[in-house]
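These notes are about the structure you will find just below.
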Amino acid sequence: MQPDSVFRIASLTKLVTSIAVLQLVEQGRLEVDAPFRRFFPGFRQPPVLRRFDPRTREYETAPAERDISVRELLTHTSGFGAWFVNSELRALMGPVPEYYNPPFLVYEPGQRFQYGISTDVLGQLVAPLSGSSLETFFAERIFGPLGMTETSYLLPADPDRLVAVHTATKDGFAALPNETAASAPRGGGGLYGTAEDYLALLRMLLNAGRAGGRQLLSADTVRELGSNQIGTLSAVRQTTAAPDRTADFTFMDGTQKFGFGVLLETRDRPSGRAAGSYGWGGIFNTYFFVDPAAELAAVVCMQMSPFCAPACLAVCEAFEAALYRQLGLHR
């Protein structure tokens, strides 16, 4: 492992997409509380699941009570699920995940927090509203100003820099073969990058949206990003439907809220972070957090499967505790 090692940051992409969408909000291109379909003509909102028979895989749906809003896509309260944390979707999905057109919503829009493909759906707005493709928008409006030269949807030119994904075996670890081609750009995942690059993104948030003399987001928008955007709802623990890909999201205990693309802590954590900190993780065990009170951000990058493996979470907690202790910030 080297400082310039390249990782599949997976769902850490979601923060980048959320920032891009908030930039478009600041430019007056869309409104957070407006229906998504207003800005994405032709959007087919799926019906809501009403009944599912796991034995026969037969199901019944009904039209949703209302349109999904942009806010609900930013906060995973849209009703969209994901095959690895929804048993009904898992039973129906083939070998290729569906990121844009699932057979149904698992809940009514706005009814509850449910992690899923919301950010993939949301990312489709960037091209029609900006006139640039998702990858071009990221490069010109976010990565370029931040000096994130190692982050993109492309595989690194030097394949030896790409860290292999590993799985645990009875004898230790086994490396999986690296992919030979990148997947199509999408808002919910797919970026490759270095830990140092991602820290540049987090440093911008700590600096109230400013980097290199440019204001990428207003200070007010950065505060909103890291504030409760789901009201009385809670970011409940997500339970695995695909144990080979993820364990239960045990870093969530029902006390958290959700901001715009980030999980928000409402209590001080024993390992160091203060209430008001926020972060998220990617399915190959990449994690980040931002602690505005301590003026501190961190990223931990592993390439392990499954997500939320207890050993991987233990690494994150030990790193966090050591970091706060070393800086004299541990409670």
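Following the order of the structure tokens, chains are lettered A, B, ..., residues in each are numbered from 1, and ligands are numbered from 1.
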Residue neighbourhood Val299 (chain A), 8 Å, only C-alpha atoms, exclusion window fewer than 4 positions, as a ChimeraX atom specification: /A:195,198-199,286-289
Same residues, N, CA and C atoms, saved as an mmCIF file, in the first residue's frame:
```cif
data_model
loop_
_atom_site.group_PDB
_atom_site.id
_atom_site.type_symbol
_atom_site.label_atom_id
_atom_site.label_comp_id
_atom_site.auth_asym_id
_atom_site.auth_seq_id
_atom_site.Cartn_x
_atom_site.Cartn_y
_atom_site.Cartn_z
ATOM 1 N N ALA A 195 -6.829 8.134 -1.242
ATOM 2 C CA ALA A 195 -7.275 8.669 0.043
ATOM 3 C C ALA A 195 -6.955 10.162 0.138
ATOM 4 N N TYR A 198 -9.490 12.262 -1.679
ATOM 5 C CA TYR A 198 -10.787 12.386 -1.005
ATOM 6 C C TYR A 198 -10.690 13.344 0.182
ATOM 7 N N LEU A 199 -9.522 13.376 0.822
ATOM 8 C CA LEU A 199 -9.334 14.333 1.914
ATOM 9 C C LEU A 199 -9.454 15.776 1.428
ATOM 10 N N THR A 286 -14.533 1.418 2.314
ATOM 11 C CA THR A 286 -13.948 2.750 2.355
ATOM 12 C C THR A 286 -14.876 3.608 3.209
ATOM 13 N N TYR A 287 -14.314 4.397 4.103
ATOM 14 C CA TYR A 287 -15.109 5.174 5.053
ATOM 15 C C TYR A 287 -14.542 6.580 5.189
ATOM 16 N N PHE A 288 -15.414 7.539 5.516
ATOM 17 C CA PHE A 288 -14.934 8.879 5.846
ATOM 18 C C PHE A 288 -15.794 9.455 6.958
ATOM 19 N N PHE A 289 -15.238 10.442 7.640
ATOM 20 C CA PHE A 289 -16.057 11.250 8.545
ATOM 21 C C PHE A 289 -15.519 12.667 8.580
#
```
For region 324-329 of chain A: contacts at 7 Å, only C-alpha atoms, fewer than 3 positions along chain excluded, given as number ranges by chain: A: 272, 320-321
Please return as a PDB file with N, CA and C atoms, in the first residue's frame: the residues of region 91-245 of chain A that backbone DSSP assigns to strand (DSSP E).
```pdb
ATOM      1  N   HIS A 166     -10.063  -7.923  -1.570  1.00  0.00           N
ATOM      2  CA  HIS A 166      -9.770  -9.172  -0.878  1.00  0.00           C
ATOM      3  C   HIS A 166     -11.007  -9.711  -0.173  1.00  0.00           C
ATOM      4  N   THR A 167     -11.040 -11.011  -0.021  1.00  0.00           N
ATOM      5  CA  THR A 167     -12.055 -11.669   0.797  1.00  0.00           C
ATOM      6  C   THR A 167     -11.340 -12.476   1.873  1.00  0.00           C
ATOM      7  N   ALA A 168     -12.023 -12.636   2.996  1.00  0.00           N
ATOM      8  CA  ALA A 168     -11.445 -13.413   4.095  1.00  0.00           C
ATOM      9  C   ALA A 168     -11.621 -14.898   3.825  1.00  0.00           C
ATOM     10  N   THR A 169     -10.593 -15.669   4.132  1.00  0.00           N
ATOM     11  CA  THR A 169     -10.654 -17.121   4.024  1.00  0.00           C
ATOM     12  C   THR A 169     -10.171 -17.717   5.344  1.00  0.00           C
ATOM     13  N   GLY A 172      -6.544 -16.805   5.785  1.00  0.00           N
ATOM     14  CA  GLY A 172      -6.122 -15.405   5.749  1.00  0.00           C
ATOM     15  C   GLY A 172      -6.962 -14.601   4.786  1.00  0.00           C
ATOM     16  N   PHE A 173      -6.358 -14.175   3.688  1.00  0.00           N
ATOM     17  CA  PHE A 173      -7.071 -13.369   2.701  1.00  0.00           C
ATOM     18  C   PHE A 173      -6.776 -13.880   1.297  1.00  0.00           C
ATOM     19  N   ALA A 174      -7.757 -13.719   0.419  1.00  0.00           N
ATOM     20  CA  ALA A 174      -7.583 -14.058  -0.989  1.00  0.00           C
ATOM     21  C   ALA A 174      -7.893 -12.831  -1.823  1.00  0.00           C
ATOM     22  N   ALA A 175      -7.025 -12.513  -2.777  1.00  0.00           N
ATOM     23  CA  ALA A 175      -7.230 -11.370  -3.660  1.00  0.00           C
ATOM     24  C   ALA A 175      -8.078 -11.786  -4.851  1.00  0.00           C
ATOM     25  N   TYR A 192     -12.936   5.877  -8.918  1.00  0.00           N
ATOM     26  CA  TYR A 192     -11.642   5.418  -8.434  1.00  0.00           C
ATOM     27  C   TYR A 192     -10.895   6.647  -7.908  1.00  0.00           C
ATOM     28  N   GLY A 193     -10.134   6.473  -6.840  1.00  0.00           N
ATOM     29  CA  GLY A 193      -9.384   7.614  -6.339  1.00  0.00           C
ATOM     30  C   GLY A 193      -8.467   7.235  -5.196  1.00  0.00           C
ATOM     31  N   ARG A 210     -14.979  26.385   0.835  1.00  0.00           N
ATOM     32  CA  ARG A 210     -13.943  27.142   0.114  1.00  0.00           C
ATOM     33  C   ARG A 210     -12.688  26.305  -0.087  1.00  0.00           C
ATOM     34  N   ALA A 211     -12.049  26.457  -1.242  1.00  0.00           N
ATOM     35  CA  ALA A 211     -10.799  25.753  -1.528  1.00  0.00           C
ATOM     36  C   ALA A 211     -10.035  26.521  -2.599  1.00  0.00           C
ATOM     37  N   ARG A 214     -11.491  29.603  -4.158  1.00  0.00           N
ATOM     38  CA  ARG A 214     -12.802  29.485  -4.804  1.00  0.00           C
ATOM     39  C   ARG A 214     -13.822  28.966  -3.816  1.00  0.00           C
ATOM     40  N   GLN A 215     -15.062  29.417  -3.968  1.00  0.00           N
ATOM     41  CA  GLN A 215     -16.163  28.968  -3.123  1.00  0.00           C
ATOM     42  C   GLN A 215     -16.952  27.934  -3.920  1.00  0.00           C
TER      43      GLN A 215
END
```
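Between Phe249 (chain A) and the residues A:Ser218, A:Thr232, A:Thr180, A:Asn285, the shortest atom-to-atom distance, using only C-alpha atoms, involves A:Asn285.
Put simply, CA of Pro177 (chain A) is 7.0 Å away from CA of Ala164 (chain A).
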All residues 7 Å or closer to Ala182 (chain A), only C-alpha atoms, same chain fewer than 6 positions away omitted, as a PyMOL selection string: chain A and resi 153-155
How close does each residue of region 180-249 of chain A get to region 69-79 of chain A, giving the shortest atom pair and distance in Å to one decimal for every residue with an atom at most 10 Å away, counting only C-alpha atoms, sorted by chain and residue number, as CSV?
```
residue,atom,partner,partner_atom,distance
A:Leu225,CA,A:Leu74,CA,9.6
A:Asn228,CA,A:Thr75,CA,9.4
A:Gln229,CA,A:Thr75,CA,7.0
A:Ile230,CA,A:Thr75,CA,6.9
A:Leu233,CA,A:Thr77,CA,9.0
A:Ala235,CA,A:His76,CA,9.0
```
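Secondary structure of region 207-289 of chain A, alpha helix (DSSP H) only (DSSP, backbone atoms): Ala219, Asp220, Thr221, Val222, Arg223, Glu224 and Leu225 of chain A.
Those residues that approach region 26-42 of chain A to within 8 Å, counting only C-alpha atoms, are Leu22, Asp67, Ile68, Ser69, Val70, Arg71, Gln124, Leu125, Pro128, Leu129 and Leu217 of chain A; same-chain residues fewer than 4 positions away are not listed.
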So that each row is one residue of region 36-69 of chain A with an atom at most 10 Å from region 96-102 of chain A, can you give its shortest atom pair and the distance in Å to one decimal, using only C-alpha atoms, rows by chain and rising number, as JSON lines?
```
{"residue": "A:Phe43", "atom": "CA", "partner": "A:Asn101", "partner_atom": "CA", "distance": 9.5}
{"residue": "A:Arg44", "atom": "CA", "partner": "A:Asn101", "partner_atom": "CA", "distance": 7.9}
{"residue": "A:Gln45", "atom": "CA", "partner": "A:Asn101", "partner_atom": "CA", "distance": 8.4}
{"residue": "A:Pro46", "atom": "CA", "partner": "A:Pro102", "partner_atom": "CA", "distance": 7.1}
{"residue": "A:Pro47", "atom": "CA", "partner": "A:Pro102", "partner_atom": "CA", "distance": 9.6}
```
Dump of N, CA and C atoms for the selected residues, as a PDB file, in the first residue's frame:
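Result saved to result-v6.pdb:
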```pdb
ATOM      1  N   PHE A  43     -39.272  10.744 -16.468  1.00  0.00           N
ATOM      2  CA  PHE A  43     -39.001   9.873 -15.323  1.00  0.00           C
ATOM      3  C   PHE A  43     -40.218   9.005 -15.032  1.00  0.00           C
ATOM      4  N   ARG A  44     -39.982   7.691 -14.951  1.00  0.00           N
ATOM      5  CA  ARG A  44     -41.052   6.757 -14.602  1.00  0.00           C
ATOM      6  C   ARG A  44     -40.895   6.374 -13.134  1.00  0.00           C
ATOM      7  N   GLN A  45     -41.741   6.969 -12.303  1.00  0.00           N
ATOM      8  CA  GLN A  45     -41.659   6.651 -10.873  1.00  0.00           C
ATOM      9  C   GLN A  45     -42.262   5.277 -10.635  1.00  0.00           C
ATOM     10  N   PRO A  46     -41.515   4.367 -10.027  1.00  0.00           N
ATOM     11  CA  PRO A  46     -42.045   3.020  -9.804  1.00  0.00           C
ATOM     12  C   PRO A  46     -43.226   3.030  -8.836  1.00  0.00           C
ATOM     13  N   PRO A  47     -44.102   2.038  -8.937  1.00  0.00           N
ATOM     14  CA  PRO A  47     -45.160   1.891  -7.941  1.00  0.00           C
ATOM     15  C   PRO A  47     -44.569   1.398  -6.618  1.00  0.00           C
TER      16      PRO A  47
END
```
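Going from CA of Val300 (chain A) to CA of Cys312 (chain A) covers 9.8 Å.
Each of A:Met302, A:Ala241, A:Thr136, A:Ile142 was compared to Leu89 (chain A) using only C-alpha atoms, and A:Ala241 turns out to be the nearest.
Each of A:Asp158, A:Asp248, A:Glu150, A:Asp291 was compared to Thr266 (chain A) using only C-alpha atoms, and A:Asp291 turns out to be the nearest.
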Contact residues around Leu206 (chain A) with only C-alpha atoms at 8 Å, ignoring same-chain residues under 5 positions, as number ranges by chain: A: 290, 292, 295-297
Limited to N, CA, C and O atoms, could you put the picked residues into a file as a PDB file, in the first residue's frame?
```
ATOM      1  N   VAL A 290     -16.413  13.594   8.911  1.00  0.00           N
ATOM      2  CA  VAL A 290     -16.092  15.002   9.095  1.00  0.00           C
ATOM      3  C   VAL A 290     -16.626  15.405  10.463  1.00  0.00           C
ATOM      4  O   VAL A 290     -17.798  15.174  10.760  1.00  0.00           O
ATOM      5  N   PRO A 292     -16.993  18.718  12.375  1.00  0.00           N
ATOM      6  CA  PRO A 292     -16.825  20.181  12.350  1.00  0.00           C
ATOM      7  C   PRO A 292     -16.386  20.756  13.688  1.00  0.00           C
ATOM      8  O   PRO A 292     -15.608  21.720  13.727  1.00  0.00           O
ATOM      9  N   GLU A 295     -12.825  20.385  13.916  1.00  0.00           N
ATOM     10  CA  GLU A 295     -12.160  20.845  12.695  1.00  0.00           C
ATOM     11  C   GLU A 295     -11.276  19.742  12.123  1.00  0.00           C
ATOM     12  O   GLU A 295     -10.117  19.962  11.757  1.00  0.00           O
ATOM     13  N   LEU A 296     -11.865  18.552  12.041  1.00  0.00           N
ATOM     14  CA  LEU A 296     -11.110  17.363  11.670  1.00  0.00           C
ATOM     15  C   LEU A 296     -11.904  16.509  10.684  1.00  0.00           C
ATOM     16  O   LEU A 296     -13.126  16.359  10.820  1.00  0.00           O
ATOM     17  N   ALA A 297     -11.213  15.966   9.693  1.00  0.00           N
ATOM     18  CA  ALA A 297     -11.822  15.008   8.775  1.00  0.00           C
ATOM     19  C   ALA A 297     -10.857  13.861   8.570  1.00  0.00           C
ATOM     20  O   ALA A 297      -9.633  14.024   8.708  1.00  0.00           O
TER      21      ALA A 297
END
```
As an mmCIF file with N, CA and C atoms, in the first residue's frame, please: the residues near Leu134 (chain A) (cut-off 8 Å, only C-alpha atoms, same-chain neighbours under 5 positions excluded).
```cif
data_model
loop_
_atom_site.group_PDB
_atom_site.id
_atom_site.type_symbol
_atom_site.label_atom_id
_atom_site.label_comp_id
_atom_site.auth_asym_id
_atom_site.auth_seq_id
_atom_site.Cartn_x
_atom_site.Cartn_y
_atom_site.Cartn_z
ATOM 1 N N GLY A 123 -28.366 11.372 -9.739
ATOM 2 C CA GLY A 123 -27.246 11.752 -10.594
ATOM 3 C C GLY A 123 -27.620 11.970 -12.048
ATOM 4 N N GLN A 124 -28.764 11.428 -12.453
ATOM 5 C CA GLN A 124 -29.218 11.614 -13.826
ATOM 6 C C GLN A 124 -29.578 13.069 -14.128
ATOM 7 N N VAL A 126 -27.746 15.728 -13.462
ATOM 8 C CA VAL A 126 -26.601 16.600 -13.688
ATOM 9 C C VAL A 126 -26.438 16.956 -15.158
ATOM 10 N N ALA A 127 -26.498 15.980 -16.044
ATOM 11 C CA ALA A 127 -26.263 16.257 -17.466
ATOM 12 C C ALA A 127 -27.318 17.186 -18.064
ATOM 13 N N PRO A 185 -20.264 5.557 -15.747
ATOM 14 C CA PRO A 185 -20.403 6.524 -14.655
ATOM 15 C C PRO A 185 -21.837 6.588 -14.142
ATOM 16 N N ARG A 186 -21.980 6.672 -12.822
ATOM 17 C CA ARG A 186 -23.284 6.822 -12.193
ATOM 18 C C ARG A 186 -23.118 7.576 -10.886
ATOM 19 N N GLY A 187 -24.203 8.145 -10.419
ATOM 20 C CA GLY A 187 -24.138 9.003 -9.250
ATOM 21 C C GLY A 187 -23.893 8.282 -7.951
#
```
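Neighbours of Pro306 (chain A) closer than or equal to 7 Å, with only C-alpha atoms counted and sequence neighbours fewer than 3 positions away skipped, come out as A:Asp244, A:Arg245, A:Thr246, A:Ala247, A:Phe284, A:Ala309.
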Expected file contents, prior selection, N, CA and C atoms, as a short mmCIF file (atom, residue, chain, number, x, y, z; two decimals), in the first residue's frame:
```
data_model
loop_
_atom_site.label_atom_id
_atom_site.label_comp_id
_atom_site.auth_asym_id
_atom_site.auth_seq_id
_atom_site.Cartn_x
_atom_site.Cartn_y
_atom_site.Cartn_z
N ASP A 244 -22.75 -12.15 1.34
CA ASP A 244 -21.46 -12.21 0.66
C ASP A 244 -20.97 -10.82 0.25
N ARG A 245 -21.89 -9.85 0.16
CA ARG A 245 -21.51 -8.49 -0.22
C ARG A 245 -21.46 -7.54 0.96
N THR A 246 -22.33 -7.74 1.95
CA THR A 246 -22.36 -6.84 3.09
C THR A 246 -22.91 -7.54 4.32
N ALA A 247 -22.39 -7.17 5.48
CA ALA A 247 -23.00 -7.53 6.74
C ALA A 247 -24.05 -6.46 7.07
N PHE A 284 -16.72 -1.55 -0.55
CA PHE A 284 -15.44 -2.26 -0.41
C PHE A 284 -14.70 -1.83 0.85
N ALA A 309 -17.70 -5.70 7.50
CA ALA A 309 -17.11 -6.83 8.22
C ALA A 309 -16.62 -6.32 9.57
#
```
Among the residues A:Ala322, A:Asp53, A:Gly231, A:Ser305, the one that comes closest to Pro270 (chain A) [using only C-alpha atoms]: A:Ala322
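Taking CA of Leu216 (chain A) and CA of Ala139 (chain A) as endpoints, the distance between them is 12.8 Å.
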